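Engineer: I have a structure I would like to understand better, so I am pasting it below and will then ask my questions one at a time.
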Amino acid sequence: MRGCIIKRGKKWAFVVEAGKHPVTGRRRQKWRSGFATKAEAEAELAKTLAAMGQGMKVPNPTNETVASYFVNWLTYKKQYVRPGTYSTYGWLVNYHIVPRLGSIKLGKLTPQMLLSVYEEMLEDGLAPQTVKHVHKVLHDGLETATKWGLAEMNAAKLVKAPKVPKREMRVWDEQQLAQFFREFKNPRYYAIFFLAATTGMRRGELLALKWADIDFENAKLTVRRSYVRGYNGYVFQEPKTAAGIRNIALSPQTVAVLRKHRVWQMEDRLAAPAFEDYGLVFCQRNGKPLTPQQLEGVWRHFFKKSSLPYIRIHDLRHTHASLLLKAGVHPKVVSERLGHSSVTITLDRYSHLLPGLQEAAAAKFDELVRLPAVHRQA
């Protein structure tokens with residue numbers, strides 16, 4: 001019979017080996033946590049081992065609440081996820097899970113309680129997508145709790161998250177995209193929106209692009225990093241997947257726009273009293289990185305006077321993909337430009353924007369192969 005001490009967040013805990021399950025044969029462990037000091041955990045471990053040695057049943061660890069567990073779980077989770085993901089998890093735990101479920105004992109949490117909370121959140125006007133995110137964090141956290149022996153079951157496994165209505169994808173056609181660049185008069189931001197439309201790059205990838213990433217001679221650029229939310233502010237980080245690191249061919253007009261933008265940036269550099277050179281293609285007048293909020297503000301301001309239907313900055317990426325597919329560009333090429341890990345993602349996401357593809361495919365086959373007609377013999 002063995003046991004060990006472990007630190008979880010700011011508290012101490014112990015785990016005891018409890019043999020194998022008599023039916024499933026799976027390894028069983030008993031956890032107790034919430035001790036303020038290591039000495040307290042050691043003392044309780046000794047009592048537990050002695051009780052088990054005398055054949056006494058170890059009490060279930062039901063004293064820990066959902067609130068105390070998930071606060072510790074966040075500390076544990078921090079080492080495995082990106083800063084932006086961790087911040088989102090923290091927001092979901094602190095603003096939704098703890099206020100609604102925090103006082104409940106972890107071992108007493110039931111599927112019915114979760115269903116009740118999900119219904120309550122929807123009645124309060126929260127989006128189904130938010131409820132789904134809460135469900136995902138609960139599922140992840142409770143799965144860890146069952147592995148650690150702190151809960152008998154993962155209640156979230158027995159519950160389905162609310163169905164999220166499919167969001168309609170908004171894109172511009174060729175005429176609308178051309179109209180935007182005729183009407184948009186802000187030279188400082190013209191190039192970043194132009195590059196978004198002609199390459200399909202994500203906002204964070206655009207904000208992290210450096211001049212060293214652009215090969216003007218061969219008309220291509222390399223996506224190497226993204227400007228994303230960190231623990232404190234924004235940070236430069238590698239793309240999430242290997243497919244995110246990619247080369248993108250540039251059109252002649254895109255190269256021309258970037259060359260002109262570089263000249264204007266050099267003028268800013270000479271005029272600024274203290275220009276901080278990060279080597280960024282798109283930056284503030286002093287050389288510091290542009291923030292997503294600054295970019296979003298300029299984008300929204302344009303629509304106050306424009307007759308164009310509103311789309312998000314990210315929808316320029318969707319517009320790029322849909323126009324290429326509509327023009328007959330191979331989906332594999334489009335997928336590579338977007339940095340998708342699979343062409344299946346590209347097809348699933350954009351094929352519905354191209355009505356008539358099935359009909360066109362059928363007609364194309366007839367053009368390629370003329371098969372003889374079959375006649376009934378008399």
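Order determines the names: the first chain of the structure tokens is A, the second B, and so forth; residues in each chain are numbered 1 upward, and ligands are numbered 1 upward as they are shown.
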Skip segment 273-289 of chain A itself and residues of its chain fewer than 6 positions away, then list as a list in words all residues within 10 Å of it, counting only C-alpha atoms.
Structural biologist: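 These residues fall inside the cut-off: Arg188, Tyr189, Ala191, Ile192, Leu206, Leu207, Ala208, Leu209, Lys210, Trp211, Ala212, Asp213, Ile214, Tyr227, Tyr234, Val235, Leu258, His261, Arg262, Gln265 and Glu267 of chain A.
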Engineer: From a DSSP calculation on the backbone, collect every residue of segment 56-264 of chain A in helix (DSSP H, G or I) and output the set as number ranges by chain.
Structural biologist: A: 66-77, 83-101, 106-108, 111-123, 128-147, 155-158, 174-183, 187-199, 203-208, 211-213, 242-244, 252-264
Engineer: Taking only C-alpha atoms into account, which of A:Val255, A:Ile104, A:Ala13, A:Val334 comes nearest Glu40 of chain A?
Structural biologist: A:Ala13
Engineer: Can you pull out every residue within 8 Å of Ala36 of chain A, counting only C-alpha atoms, but drop anything in the same chain fewer than 5 positions away, and send it as a PyMOL selection string?
Structural biologist: chain A and resi 10-12
Engineer: What would the file look like if the residues just selected were written as a PDB file, in the first residue's frame with all heavy atoms?
Structural biologist:
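Result file out23.pdb:
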ATOM      1  N   LYS A  10      -1.696  26.244  -4.938  1.00  0.00           N
ATOM      2  CA  LYS A  10      -1.139  26.725  -3.682  1.00  0.00           C
ATOM      3  C   LYS A  10      -1.429  25.764  -2.526  1.00  0.00           C
ATOM      4  O   LYS A  10      -1.051  26.011  -1.392  1.00  0.00           O
ATOM      5  CB  LYS A  10      -1.715  28.105  -3.360  1.00  0.00           C
ATOM      6  CG  LYS A  10      -1.322  29.181  -4.367  1.00  0.00           C
ATOM      7  CD  LYS A  10      -1.897  30.541  -3.974  1.00  0.00           C
ATOM      8  CE  LYS A  10      -1.488  31.619  -4.967  1.00  0.00           C
ATOM      9  NZ  LYS A  10      -2.045  32.940  -4.618  1.00  0.00           N
ATOM     10  N   LYS A  11      -2.131  24.688  -2.821  1.00  0.00           N
ATOM     11  CA  LYS A  11      -2.500  23.719  -1.788  1.00  0.00           C
ATOM     12  C   LYS A  11      -1.728  22.409  -1.959  1.00  0.00           C
ATOM     13  O   LYS A  11      -1.131  22.150  -3.007  1.00  0.00           O
ATOM     14  CB  LYS A  11      -4.010  23.429  -1.862  1.00  0.00           C
ATOM     15  CG  LYS A  11      -4.896  24.649  -1.645  1.00  0.00           C
ATOM     16  CD  LYS A  11      -4.876  25.104  -0.203  1.00  0.00           C
ATOM     17  CE  LYS A  11      -5.860  26.244   0.035  1.00  0.00           C
ATOM     18  NZ  LYS A  11      -5.904  26.665   1.451  1.00  0.00           N
ATOM     19  N   TRP A  12      -1.802  21.578  -0.909  1.00  0.00           N
ATOM     20  CA  TRP A  12      -1.137  20.277  -0.929  1.00  0.00           C
ATOM     21  C   TRP A  12      -2.180  19.170  -0.953  1.00  0.00           C
ATOM     22  O   TRP A  12      -3.298  19.333  -0.468  1.00  0.00           O
ATOM     23  CB  TRP A  12      -0.232  20.110   0.294  1.00  0.00           C
ATOM     24  CG  TRP A  12       0.980  20.982   0.241  1.00  0.00           C
ATOM     25  CD1 TRP A  12       1.080  22.265   0.671  1.00  0.00           C
ATOM     26  CD2 TRP A  12       2.245  20.632  -0.312  1.00  0.00           C
ATOM     27  NE1 TRP A  12       2.340  22.762   0.430  1.00  0.00           N
ATOM     28  CE2 TRP A  12       3.092  21.778  -0.171  1.00  0.00           C
ATOM     29  CE3 TRP A  12       2.775  19.488  -0.883  1.00  0.00           C
ATOM     30  CZ2 TRP A  12       4.400  21.790  -0.602  1.00  0.00           C
ATOM     31  CZ3 TRP A  12       4.084  19.491  -1.316  1.00  0.00           C
ATOM     32  CH2 TRP A  12       4.880  20.630  -1.170  1.00  0.00           C
TER      33      TRP A  12
END
Engineer: Counting only C-alpha atoms, which of A:Gln293, A:Leu158, A:Lys220, A:Thr198 gets nearest to Leu323 of chain A?
Structural biologist: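 For Leu323 of chain A, the nearest of the given residues is A:Thr198.
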